[in-house]
>>> print(open('my_file_10.csv').read())   # CSV, C-alpha atoms
chain,number,residue,atom,x,y,z
A,216,MET,CA,84.6,125.6,82.2
A,217,ASN,CA,86.5,128.9,82.2
A,218,GLN,CA,83.6,130.1,84.4
A,219,ILE,CA,84.7,127.9,87.3
A,220,LYS,CA,86.6,130.0,89.7
A,221,THR,CA,85.9,128.4,93.1
A,222,ILE,CA,86.3,124.6,93.9
A,223,GLY,CA,85.1,123.0,97.0
A,224,VAL,CA,86.3,119.6,98.3
A,225,ILE,CA,84.4,117.3,100.5
A,226,THR,CA,84.9,113.8,102.1
A,227,SER,CA,81.8,111.7,102.5
A,228,GLY,CA,80.7,108.4,103.9
A,229,GLY,CA,83.1,106.1,105.7
A,230,ASP,CA,86.5,107.5,106.4
A,231,ALA,CA,89.5,105.9,104.7
A,232,PRO,CA,93.3,106.4,105.2
A,233,GLY,CA,94.6,108.6,102.4
A,234,MET,CA,91.5,110.9,102.3
A,235,ASN,CA,93.7,113.7,103.8
A,236,ALA,CA,96.3,113.3,101.1
A,237,ALA,CA,93.5,113.6,98.4
A,238,VAL,CA,92.1,116.8,100.0
A,239,ARG,CA,95.6,118.2,100.3
A,240,ALA,CA,96.3,117.4,96.6
A,241,VAL,CA,93.0,119.0,95.4
A,242,VAL,CA,93.6,122.1,97.4
A,243,ARG,CA,97.2,122.7,96.5
A,244,THR,CA,96.7,121.9,92.8
A,245,GLY,CA,93.7,124.2,92.7
A,246,LEU,CA,95.6,127.0,94.4
A,247,HIS,CA,98.6,126.5,92.0
A,248,TYR,CA,96.2,127.1,89.1
A,249,GLY,CA,94.6,130.1,90.6
A,250,TYR,CA,91.3,128.7,91.8
A,251,LYS,CA,89.7,129.8,95.1
A,252,MET,CA,89.6,126.6,97.2
A,253,MET,CA,87.0,125.8,99.9
A,254,LEU,CA,86.9,123.1,102.5
A,255,ILE,CA,83.5,121.6,103.1
A,256,LYS,CA,83.3,120.1,106.6
A,257,HIS,CA,81.5,117.0,107.8
A,258,GLY,CA,80.3,115.7,104.4
A,259,TYR,CA,77.0,116.5,102.9
A,260,THR,CA,75.7,117.5,106.3
A,261,GLY,CA,78.2,120.3,106.4
A,262,LEU,CA,77.4,121.3,102.9
A,263,ILE,CA,73.7,121.7,103.8
A,264,ASN,CA,74.6,123.6,107.0
A,265,GLY,CA,77.2,125.8,105.4
A,266,GLU,CA,80.2,124.5,107.3
A,267,ILE,CA,82.5,125.8,104.7
A,268,GLU,CA,85.8,127.8,104.9
A,269,GLU,CA,88.3,129.0,102.5
A,270,ALA,CA,91.6,127.1,102.3
A,271,ASP,CA,95.2,128.2,101.6
A,272,PHE,CA,98.4,126.2,101.3
A,273,THR,CA,98.8,126.0,105.1
A,274,SER,CA,95.2,124.8,105.6
A,275,VAL,CA,96.2,121.3,104.4
A,276,GLY,CA,99.7,121.3,105.9
A,277,ASP,CA,100.8,118.4,108.2
A,278,THR,CA,97.8,116.3,107.0
A,279,LEU,CA,99.4,113.9,104.5
A,280,GLN,CA,100.5,111.3,107.2
A,281,ARG,CA,97.2,111.5,109.2
A,282,GLY,CA,94.5,108.8,109.0
A,283,GLY,CA,90.8,109.6,108.8
A,284,THR,CA,89.8,112.9,107.3
A,285,PHE,CA,90.6,116.2,109.0
A,286,ILE,CA,87.7,118.0,107.5
A,287,GLY,CA,85.3,115.4,108.8
A,288,THR,CA,82.7,113.2,107.2
A,289,SER,CA,79.2,112.0,107.8
A,290,ARG,CA,76.3,109.9,106.5
A,291,CYS,CA,73.5,112.3,105.7
A,292,PRO,CA,70.0,110.9,105.4
A,293,GLU,CA,68.7,114.4,104.7
A,294,PHE,CA,70.8,114.6,101.6
A,295,THR,CA,69.0,111.6,100.1
A,296,THR,CA,65.8,113.7,99.8
A,297,GLU,CA,65.2,116.1,96.9
A,298,ASP,CA,64.8,119.0,99.4
A,299,GLY,CA,68.1,118.2,101.0
A,300,GLN,CA,69.8,118.1,97.6
A,301,ARG,CA,68.3,121.5,96.7
A,302,ARG,CA,69.4,123.0,99.9
A,303,ALA,CA,73.0,121.7,99.5
A,304,ALA,CA,73.2,123.1,95.9
A,305,GLN,CA,71.8,126.4,97.1
A,306,MET,CA,74.4,126.6,99.9
A,307,ALA,CA,77.2,125.9,97.4
A,308,ARG,CA,75.9,128.9,95.4
A,309,VAL,CA,75.9,131.0,98.6
A,310,PHE,CA,79.6,130.4,98.9
A,311,ASP,CA,80.1,130.9,95.1
A,312,ILE,CA,81.3,127.3,94.7
A,313,ASP,CA,81.2,126.4,91.1
A,314,ALA,CA,82.5,122.8,91.3
A,315,ILE,CA,82.9,120.2,94.1
A,316,VAL,CA,85.4,117.4,94.3
A,317,VAL,CA,83.9,114.5,96.3
A,318,VAL,CA,86.1,111.9,98.0
A,319,GLY,CA,84.1,108.8,98.9
A,320,GLY,CA,82.4,105.6,97.8
A,321,ASP,CA,79.4,104.8,95.7
A,322,GLY,CA,77.0,106.4,98.1
A,323,SER,CA,79.0,109.6,98.0
A,324,TYR,CA,79.0,109.4,94.2
A,325,LYS,CA,75.3,109.2,94.1
A,326,GLY,CA,75.2,112.3,96.2
A,327,ALA,CA,77.6,114.0,93.7
A,328,GLN,CA,75.3,112.8,90.8
A,329,ALA,CA,72.4,114.5,92.6
A,330,LEU,CA,74.4,117.7,92.9
A,331,SER,CA,75.2,117.6,89.2
A,332,LYS,CA,71.5,117.5,88.4
A,333,GLN,CA,71.1,120.6,90.6
A,334,GLY,CA,73.6,122.4,88.4
A,335,ILE,CA,76.8,122.1,90.5
A,336,ALA,CA,79.7,120.6,88.6
A,337,VAL,CA,81.3,117.6,90.4
A,338,VAL,CA,84.3,115.3,90.2
A,339,GLY,CA,84.5,112.1,92.3
A,340,ILE,CA,87.6,110.5,93.8
A,341,PRO,CA,87.3,106.9,95.0
A,342,GLY,CA,87.9,106.7,98.7
A,343,THR,CA,86.8,103.6,100.5
A,344,ILE,CA,88.7,100.7,102.2
A,345,ASP,CA,86.5,98.1,100.5
A,346,ASN,CA,87.9,98.6,97.0
A,347,ASP,CA,84.3,98.0,95.7
A,348,ILE,CA,83.9,100.9,93.3
A,349,ALA,CA,83.2,99.5,89.8
A,350,SER,CA,84.8,102.3,87.8
A,351,THR,CA,88.3,101.8,89.3
A,352,ASP,CA,90.7,99.0,90.1
A,353,TYR,CA,91.9,100.7,93.2
A,354,THR,CA,90.4,102.9,95.9
A,355,ILE,CA,92.1,105.1,98.4
A,356,GLY,CA,92.4,103.4,101.8
A,357,PHE,CA,92.4,99.8,100.5
A,358,ASP,CA,96.1,99.2,100.9
A,359,THR,CA,96.3,100.6,104.5
A,360,ALA,CA,93.2,98.6,105.6
A,361,MET,CA,94.8,95.4,104.2
A,362,ASN,CA,98.1,96.1,106.0
A,363,THR,CA,96.3,96.8,109.2
A,364,ALA,CA,94.3,93.5,109.0
A,365,LEU,CA,97.5,91.6,108.0
A,366,ASP,CA,99.4,92.9,111.0
A,367,ALA,CA,96.6,91.9,113.3
A,368,ILE,CA,96.4,88.4,111.9
A,369,ASP,CA,100.2,88.0,112.2
A,370,LYS,CA,99.9,88.8,115.9
A,371,LEU,CA,96.9,86.5,116.4
A,372,ARG,CA,98.9,83.7,114.7
A,373,ASP,CA,101.5,83.9,117.4
A,374,THR,CA,98.9,83.1,120.0
A,375,SER,CA,97.2,80.5,117.9
A,376,LEU,CA,100.6,78.8,117.4
A,377,SER,CA,101.4,78.9,121.2
A,378,HIS,CA,98.0,77.4,122.2
A,379,ASP,CA,97.3,75.1,119.2
A,380,ARG,CA,94.2,77.2,118.4
A,381,CYS,CA,92.2,78.4,115.4
A,382,SER,CA,91.8,82.1,115.0
A,383,VAL,CA,88.6,83.1,113.1
A,384,VAL,CA,89.2,86.7,112.0
A,385,GLU,CA,86.5,88.9,110.6
A,386,VAL,CA,87.7,91.7,108.4
A,387,MET,CA,85.6,94.5,106.8
A,388,GLY,CA,83.7,94.0,103.6
A,389,ARG,CA,79.9,94.0,103.8
A,390,SER,CA,79.2,93.2,100.2
A,391,ALA,CA,82.7,92.8,98.8
A,392,GLY,CA,85.4,90.3,99.7
A,393,TYR,CA,88.5,92.1,98.4
A,394,ILE,CA,90.1,92.7,101.8
A,395,ALA,CA,89.3,89.1,103.0
A,396,ALA,CA,90.6,87.5,99.8
A,397,GLN,CA,93.9,89.4,99.5
A,398,VAL,CA,94.6,89.5,103.2
A,399,GLY,CA,93.8,85.8,103.5
A,400,MET,CA,96.2,85.0,100.7
A,401,ALA,CA,99.0,87.2,102.2
A,402,ALA,CA,98.4,85.8,105.7
A,403,GLY,CA,98.5,82.1,104.6
A,404,ALA,CA,94.9,81.6,105.8
A,405,ASP,CA,93.7,78.0,105.9
A,406,VAL,CA,90.1,79.1,104.9
A,407,VAL,CA,88.9,82.3,103.3
A,408,LEU,CA,85.2,83.2,103.1
A,409,VAL,CA,83.9,86.0,101.0
A,410,PRO,CA,80.3,87.3,100.4
A,411,GLU,CA,80.6,86.8,96.7
A,412,GLU,CA,80.6,83.0,97.1
A,413,ASP,CA,78.1,80.6,98.6
A,414,TYR,CA,79.7,78.2,101.1
A,415,ASP,CA,78.8,75.1,103.1
A,416,ILE,CA,80.4,74.9,106.6
A,417,ASP,CA,81.1,71.1,106.4
A,418,ARG,CA,82.5,71.2,102.8
A,419,ASP,CA,84.3,74.6,102.9
A,420,VAL,CA,85.4,75.0,106.5
A,421,ILE,CA,85.2,71.9,108.7
A,422,GLY,CA,86.4,69.4,106.0
A,423,PRO,CA,89.5,71.4,104.9
A,424,LEU,CA,90.5,72.1,108.5
A,425,ILE,CA,90.2,68.4,109.5
A,426,GLU,CA,92.2,67.4,106.4
A,427,THR,CA,95.0,69.9,107.3
A,428,ARG,CA,94.9,68.8,111.0
A,429,ASN,CA,95.3,65.2,110.0
A,430,LYS,CA,98.5,66.2,108.1
A,431,GLY,CA,99.9,67.3,111.4
A,432,LYS,CA,99.1,71.0,111.6
A,433,LYS,CA,97.9,72.2,115.0
A,434,HIS,CA,97.0,75.9,114.5
A,435,PHE,CA,94.8,77.6,111.9
A,436,ILE,CA,93.7,80.9,110.5
A,437,VAL,CA,90.3,81.4,109.1
A,438,VAL,CA,89.5,84.8,107.5
A,439,VAL,CA,85.9,85.8,107.1
A,440,ALA,CA,84.5,88.9,105.3
A,441,GLU,CA,82.1,91.0,107.3
A,442,GLY,CA,79.3,90.3,104.8
A,443,VAL,CA,79.6,86.6,105.4
A,444,GLY,CA,79.0,87.1,109.1
A,445,MET,CA,78.3,84.4,111.8
A,446,THR,CA,81.9,84.6,113.0
A,447,GLU,CA,81.2,83.5,116.5
A,448,GLN,CA,78.9,80.7,115.3
A,449,LEU,CA,81.6,79.6,112.9
A,450,SER,CA,84.1,79.5,115.8
A,451,GLU,CA,81.8,77.3,117.8
A,452,ALA,CA,81.3,74.9,115.0
A,453,ILE,CA,85.0,74.6,114.4
A,454,THR,CA,85.6,73.8,118.1
A,455,LYS,CA,82.8,71.3,118.2
A,456,TYR,CA,83.6,69.3,115.0
A,457,THR,CA,87.4,69.5,114.7
A,458,GLY,CA,88.4,69.4,118.4
A,459,VAL,CA,90.6,72.5,117.9
A,460,GLU,CA,89.7,75.4,120.1
A,461,ALA,CA,88.6,78.3,117.9
A,462,ARG,CA,88.5,81.9,119.0
A,463,PRO,CA,86.7,84.7,117.1
A,464,THR,CA,88.2,88.1,116.5
A,465,ILE,CA,86.3,90.9,114.8
A,466,LEU,CA,88.8,93.6,113.7
A,467,GLY,CA,86.1,96.2,112.9
A,468,HIS,CA,86.9,99.8,112.5
A,469,ILE,CA,90.6,99.6,113.3
A,470,GLN,CA,90.9,98.9,109.6
A,471,ARG,CA,89.6,102.4,108.8
A,472,GLY,CA,92.2,104.2,110.9
A,473,GLY,CA,95.9,104.5,111.1
A,474,THR,CA,98.7,106.2,109.1
A,475,PRO,CA,98.1,105.7,105.4
A,476,THR,CA,100.7,103.6,103.5
A,477,LEU,CA,102.9,105.0,100.8
A,478,ARG,CA,100.6,103.4,98.2
A,479,ASP,CA,97.5,105.2,99.6
A,480,ARG,CA,99.3,108.5,99.9
A,481,GLU,CA,100.7,108.3,96.4
A,482,MET,CA,97.4,107.3,94.8
A,483,ALA,CA,95.4,109.9,96.7
A,484,SER,CA,97.9,112.6,95.7
A,485,ARG,CA,97.8,111.6,92.1
A,486,MET,CA,94.0,111.4,92.0
A,487,GLY,CA,93.6,114.7,93.8
A,488,TYR,CA,95.9,116.4,91.2
A,489,TYR,CA,94.1,114.6,88.4
A,490,ALA,CA,90.7,115.8,89.6
A,491,VAL,CA,91.7,119.4,89.3
A,492,GLU,CA,93.3,118.8,85.9
A,493,THR,CA,90.0,117.3,84.8
A,494,ILE,CA,88.1,120.4,85.8
A,495,ARG,CA,90.8,122.6,84.0
A,496,ALA,CA,90.3,120.5,80.9
A,497,GLY,CA,86.5,121.3,80.9
A,498,ARG,CA,85.5,117.7,81.9
A,499,VAL,CA,83.1,117.9,84.8
A,500,ASN,CA,80.5,115.5,86.3
A,501,ARG,CA,83.2,112.9,86.1
A,502,ILE,CA,84.6,110.1,88.3
A,503,ILE,CA,88.3,109.5,88.6
A,504,GLY,CA,89.5,105.9,88.3
A,505,PHE,CA,92.7,103.9,88.1
A,506,ARG,CA,92.6,101.3,85.2
A,507,GLU,CA,95.5,99.4,83.6
A,508,ASN,CA,98.0,101.3,85.7
A,509,ARG,CA,96.9,104.8,84.6
A,510,LEU,CA,94.4,107.4,85.8
A,511,VAL,CA,91.2,107.7,83.8
A,512,ASP,CA,87.9,109.6,84.2
A,513,TYR,CA,84.3,108.5,83.3
A,514,ASP,CA,81.0,110.3,83.0
A,515,ILE,CA,79.4,110.0,86.4
A,516,ASP,CA,76.2,108.3,85.1
A,517,GLU,CA,78.3,105.8,83.2
A,518,ALA,CA,80.5,105.1,86.2
A,519,LEU,CA,77.6,104.5,88.5
A,520,ALA,CA,76.1,102.1,86.0
A,521,MET,CA,79.2,99.9,85.9
A,522,SER,CA,79.5,96.6,87.8
A,523,LYS,CA,82.6,95.0,89.4
A,524,SER,CA,83.3,91.4,90.4
A,525,MET,CA,86.1,90.0,92.4
A,526,ASP,CA,88.5,87.6,90.7
A,527,PRO,CA,87.7,84.1,92.1
A,528,MET,CA,91.3,83.2,91.6
A,529,ASP,CA,92.2,85.2,94.7
A,530,VAL,CA,90.3,82.8,96.9
A,531,GLU,CA,91.3,79.8,94.9
A,532,ILE,CA,95.0,80.6,95.5
A,533,SER,CA,94.5,80.5,99.2
A,534,LYS,CA,92.8,77.2,99.0
A,535,ILE,CA,95.6,75.6,97.0
A,536,LEU,CA,98.4,77.0,99.1
A,537,ALA,CA,96.7,76.0,102.4
A,538,GLN,CA,96.8,72.3,101.6
>>> encode(input="my_file_10.csv", output="structure tokens")
Amino acid sequence: MNQIKTIGVITSGGDAPGMNAAVRAVVRTGLHYGYKMMLIKHGYTGLINGEIEEADFTSVGDTLQRGGTFIGTSRCPEFTTEDGQRRAAQMARVFDIDAIVVVGGDGSYKGAQALSKQGIAVVGIPGTIDNDIASTDYTIGFDTAMNTALDAIDKLRDTSLSHDRCSVVEVMGRSAGYIAAQVGMAAGADVVLVPEEDYDIDRDVIGPLIETRNKGKKHFIVVVAEGVGMTEQLSEAITKYTGVEARPTILGHIQRGGTPTLRDREMASRMGYYAVETIRAGRVNRIIGFRENRLVDYDIDEALAMSKSMDPMDVEISKILAQ
């Protein structure tokens, strides 16, 4: 890997708080070791179109505390085609980019894997609020998203308490319930629904709420992962069968934004540094992860073949504590 002289960095897919910290760490670590560093704008779309510029230390200044990604991101259908992948690799060669650090989720990793097959060295950094990447216990943006959701639920609880209502709060997580499970636990939710589990409205929602109501409680919090859906219908059912007015709230993309927490800034900085160190050590086409409280890296094909499942105990704790 002594032939690698120029490293590009790209953010792809959904934005996540802490991505800027990762980009900053990659650029400044690379410059420290004498690499030429390039910022690739607007994800794989920008790579195909040549939206690329050289970076220095000041290029990433004043970005650590900012949410989103200052170099932009996108979802690029063109890049899913073999022709698009060839064009992206060719554009990397036009700018003499020998290796690309990709910050994103599984979809972004598959794009990085495609680039590696086109002869471009890659290293992936996990950046997604859903924490659903199998090769790591933690993804950049997860902590900030959870704190954003928790803050919103705490505010909704004030209104629910004042009006003796039930707040049904939908948090993000299309196929993974990590945000819902952990935020539900921290918020003291009466019911938590995640896409990993099948549920019955009567058994898992109406029954527990009526039981809790009969013990004297008059206000409730129900946390629903996006992948479960039917938040409005669920609110209607709660109102109809419990006699408690239920109001739905879909938090949506506010969970993607905002100033990243200390945890996300720290992990992004560590992972960005480690990505460059991995390249320096001659290990490319790798995915950075965090396992057993330490940074690790896996072969990209191995990482994409891994599976991950949520600990059911996270939901069970909420059930037990809500009684």
>>> residues_around(input="my_file_10.csv", residues="A:Met486", least_positions_apart="4", cutoff="9 Å", atoms="all atoms listed in the file", output="list in words")
Ala237, Ala240, Val241, Ile340, Pro341, Glu481, Met482, Ala490, Val491, Ile503, Gly504, Phe505 and Leu510 of chain A
>>> closest_atom_pairs(input="my_file_10.csv", of="stretch 362-420 of chain A", to="stretch 433-453 of chain A", cutoff="6 Å", atoms="only C-alpha atoms", output="CSV")
residue,atom,partner,partner_atom,distance
A:Ser375,CA,A:His434,CA,5.7
A:Leu376,CA,A:His434,CA,5.5
A:Asp379,CA,A:His434,CA,4.8
A:Arg380,CA,A:His434,CA,5.0
A:Cys381,CA,A:Phe435,CA,4.4
A:Ser382,CA,A:Ile436,CA,5.0
A:Val383,CA,A:Val437,CA,4.7
A:Val384,CA,A:Val438,CA,4.9
A:Glu385,CA,A:Val439,CA,4.7
A:Val386,CA,A:Ala440,CA,5.3
A:Met387,CA,A:Glu441,CA,5.0
A:Gly388,CA,A:Glu441,CA,5.0
A:Arg389,CA,A:Gly442,CA,3.9
A:Ser390,CA,A:Gly442,CA,5.4
A:Gly392,CA,A:Ala440,CA,5.8
A:Ala395,CA,A:Ala440,CA,5.3
A:Gly399,CA,A:Val438,CA,6.0
A:Ala404,CA,A:Ile436,CA,4.9
A:Asp405,CA,A:Ile436,CA,5.4
A:Val406,CA,A:Val437,CA,4.8
A:Val407,CA,A:Val438,CA,4.9
A:Leu408,CA,A:Val439,CA,4.8
A:Val409,CA,A:Ala440,CA,5.2
A:Pro410,CA,A:Val443,CA,5.1
>>> atom_distance(input="my_file_10.csv", atom1="atom CA of A:Arg509", atom2="atom CA of A:Thr354")
13.2 Å
>>> residues_around(input="my_file_10.csv", residues="A:Thr221", least_positions_apart="5", cutoff="10 Å", atoms="only C-alpha atoms", output="list in words")
Gly245, Leu246, Gly249, Tyr250, Lys251, Met252, Met253, Glu269, Phe310, Asp311, Ile312, Asp313, Ala314 and Ile315 of chain A
>>> write_last_selection(input="my_file_10.csv", atoms="C-alpha atoms", output="short mmCIF file (atom, residue, chain, number, x, y, z; two decimals), in the frame of the given file")
data_model
loop_
_atom_site.label_atom_id
_atom_site.label_comp_id
_atom_site.auth_asym_id
_atom_site.auth_seq_id
_atom_site.Cartn_x
_atom_site.Cartn_y
_atom_site.Cartn_z
CA GLY A 245 93.70 124.20 92.70
CA LEU A 246 95.60 127.00 94.40
CA GLY A 249 94.60 130.10 90.60
CA TYR A 250 91.30 128.70 91.80
CA LYS A 251 89.70 129.80 95.10
CA MET A 252 89.60 126.60 97.20
CA MET A 253 87.00 125.80 99.90
CA GLU A 269 88.30 129.00 102.50
CA PHE A 310 79.60 130.40 98.90
CA ASP A 311 80.10 130.90 95.10
CA ILE A 312 81.30 127.30 94.70
CA ASP A 313 81.20 126.40 91.10
CA ALA A 314 82.50 122.80 91.30
CA ILE A 315 82.90 120.20 94.10
#
>>> residues_around(input="my_file_10.csv", residues="A:Thr295", least_positions_apart="6", cutoff="10 Å", atoms="all atoms listed in the file", output="PyMOL selection string")
chain A and resi 259+322+325-326+329
>>> closest_residue(input="my_file_10.csv", among="A:Thr226, A:Asn429, A:Thr351, A:Thr474", to="A:Gln280", atoms="all atoms listed in the file")
A:Thr474
>>> atom_distance(input="my_file_10.csv", atom1="atom CA of A:Phe272", atom2="atom CA of A:Val242")
7.4 Å
>>> closest_residue(input="my_file_10.csv", among="A:Gly299, A:Gly497, A:Pro475, A:Gly287", to="A:Thr359", atoms="all atoms listed in the file")
A:Pro475
>>> atom_distance(input="my_file_10.csv", atom1="atom CA of A:Val398", atom2="atom CA of A:Met361")
6.0 Å
>>> decode(input="my_file_10.csv", residues="stretch 322-336 of chain A", atoms="N, CA and C atoms", output="JSON list (two decimals), in the first residue's frame")
[["chain", "number", "residue", "atom", "x", "y", "z"],
["A", 322, "GLY", "N", -25.96, 0.15, 2.57],
["A", 322, "GLY", "CA", -26.05, 0.48, 1.15],
["A", 322, "GLY", "C", -24.78, 1.15, 0.65],
["A", 323, "SER", "N", -24.23, 2.02, 1.47],
["A", 323, "SER", "CA", -22.97, 2.69, 1.11],
["A", 323, "SER", "C", -21.83, 1.68, 1.06],
["A", 324, "TYR", "N", -21.86, 0.71, 1.97],
["A", 324, "TYR", "CA", -20.83, -0.34, 1.98],
["A", 324, "TYR", "C", -20.90, -1.18, 0.70],
["A", 325, "LYS", "N", -22.10, -1.46, 0.24],
["A", 325, "LYS", "CA", -22.22, -2.23, -1.00],
["A", 325, "LYS", "C", -21.65, -1.44, -2.17],
["A", 326, "GLY", "N", -21.83, -0.11, -2.12],
["A", 326, "GLY", "CA", -21.21, 0.73, -3.14],
["A", 326, "GLY", "C", -19.69, 0.68, -3.04],
["A", 327, "ALA", "N", -19.17, 0.69, -1.81],
["A", 327, "ALA", "CA", -17.72, 0.59, -1.62],
["A", 327, "ALA", "C", -17.21, -0.75, -2.11],
["A", 328, "GLN", "N", -17.97, -1.80, -1.85],
["A", 328, "GLN", "CA", -17.59, -3.13, -2.32],
["A", 328, "GLN", "C", -17.51, -3.15, -3.85],
["A", 329, "ALA", "N", -18.46, -2.50, -4.50],
["A", 329, "ALA", "CA", -18.44, -2.42, -5.97],
["A", 329, "ALA", "C", -17.21, -1.67, -6.46],
["A", 330, "LEU", "N", -16.85, -0.59, -5.77],
["A", 330, "LEU", "CA", -15.65, 0.16, -6.15],
["A", 330, "LEU", "C", -14.40, -0.69, -5.99],
["A", 331, "SER", "N", -14.36, -1.50, -4.93],
["A", 331, "SER", "CA", -13.18, -2.35, -4.71],
["A", 331, "SER", "C", -13.01, -3.34, -5.85],
["A", 332, "LYS", "N", -14.12, -3.79, -6.41],
["A", 332, "LYS", "CA", -14.06, -4.73, -7.53],
["A", 332, "LYS", "C", -13.64, -4.03, -8.83],
["A", 333, "GLN", "N", -13.72, -2.69, -8.81],
["A", 333, "GLN", "CA", -13.25, -1.90, -9.95],
["A", 333, "GLN", "C", -11.79, -1.46, -9.76],
["A", 334, "GLY", "N", -11.17, -1.95, -8.68],
["A", 334, "GLY", "CA", -9.76, -1.66, -8.47],
["A", 334, "GLY", "C", -9.45, -0.46, -7.61],
["A", 335, "ILE", "N", -10.47, 0.14, -6.99],
["A", 335, "ILE", "CA", -10.25, 1.26, -6.08],
["A", 335, "ILE", "C", -10.25, 0.74, -4.65],
["A", 336, "ALA", "N", -9.18, 1.00, -3.90],
["A", 336, "ALA", "CA", -9.11, 0.56, -2.51],
["A", 336, "ALA", "C", -10.12, 1.35, -1.68]]
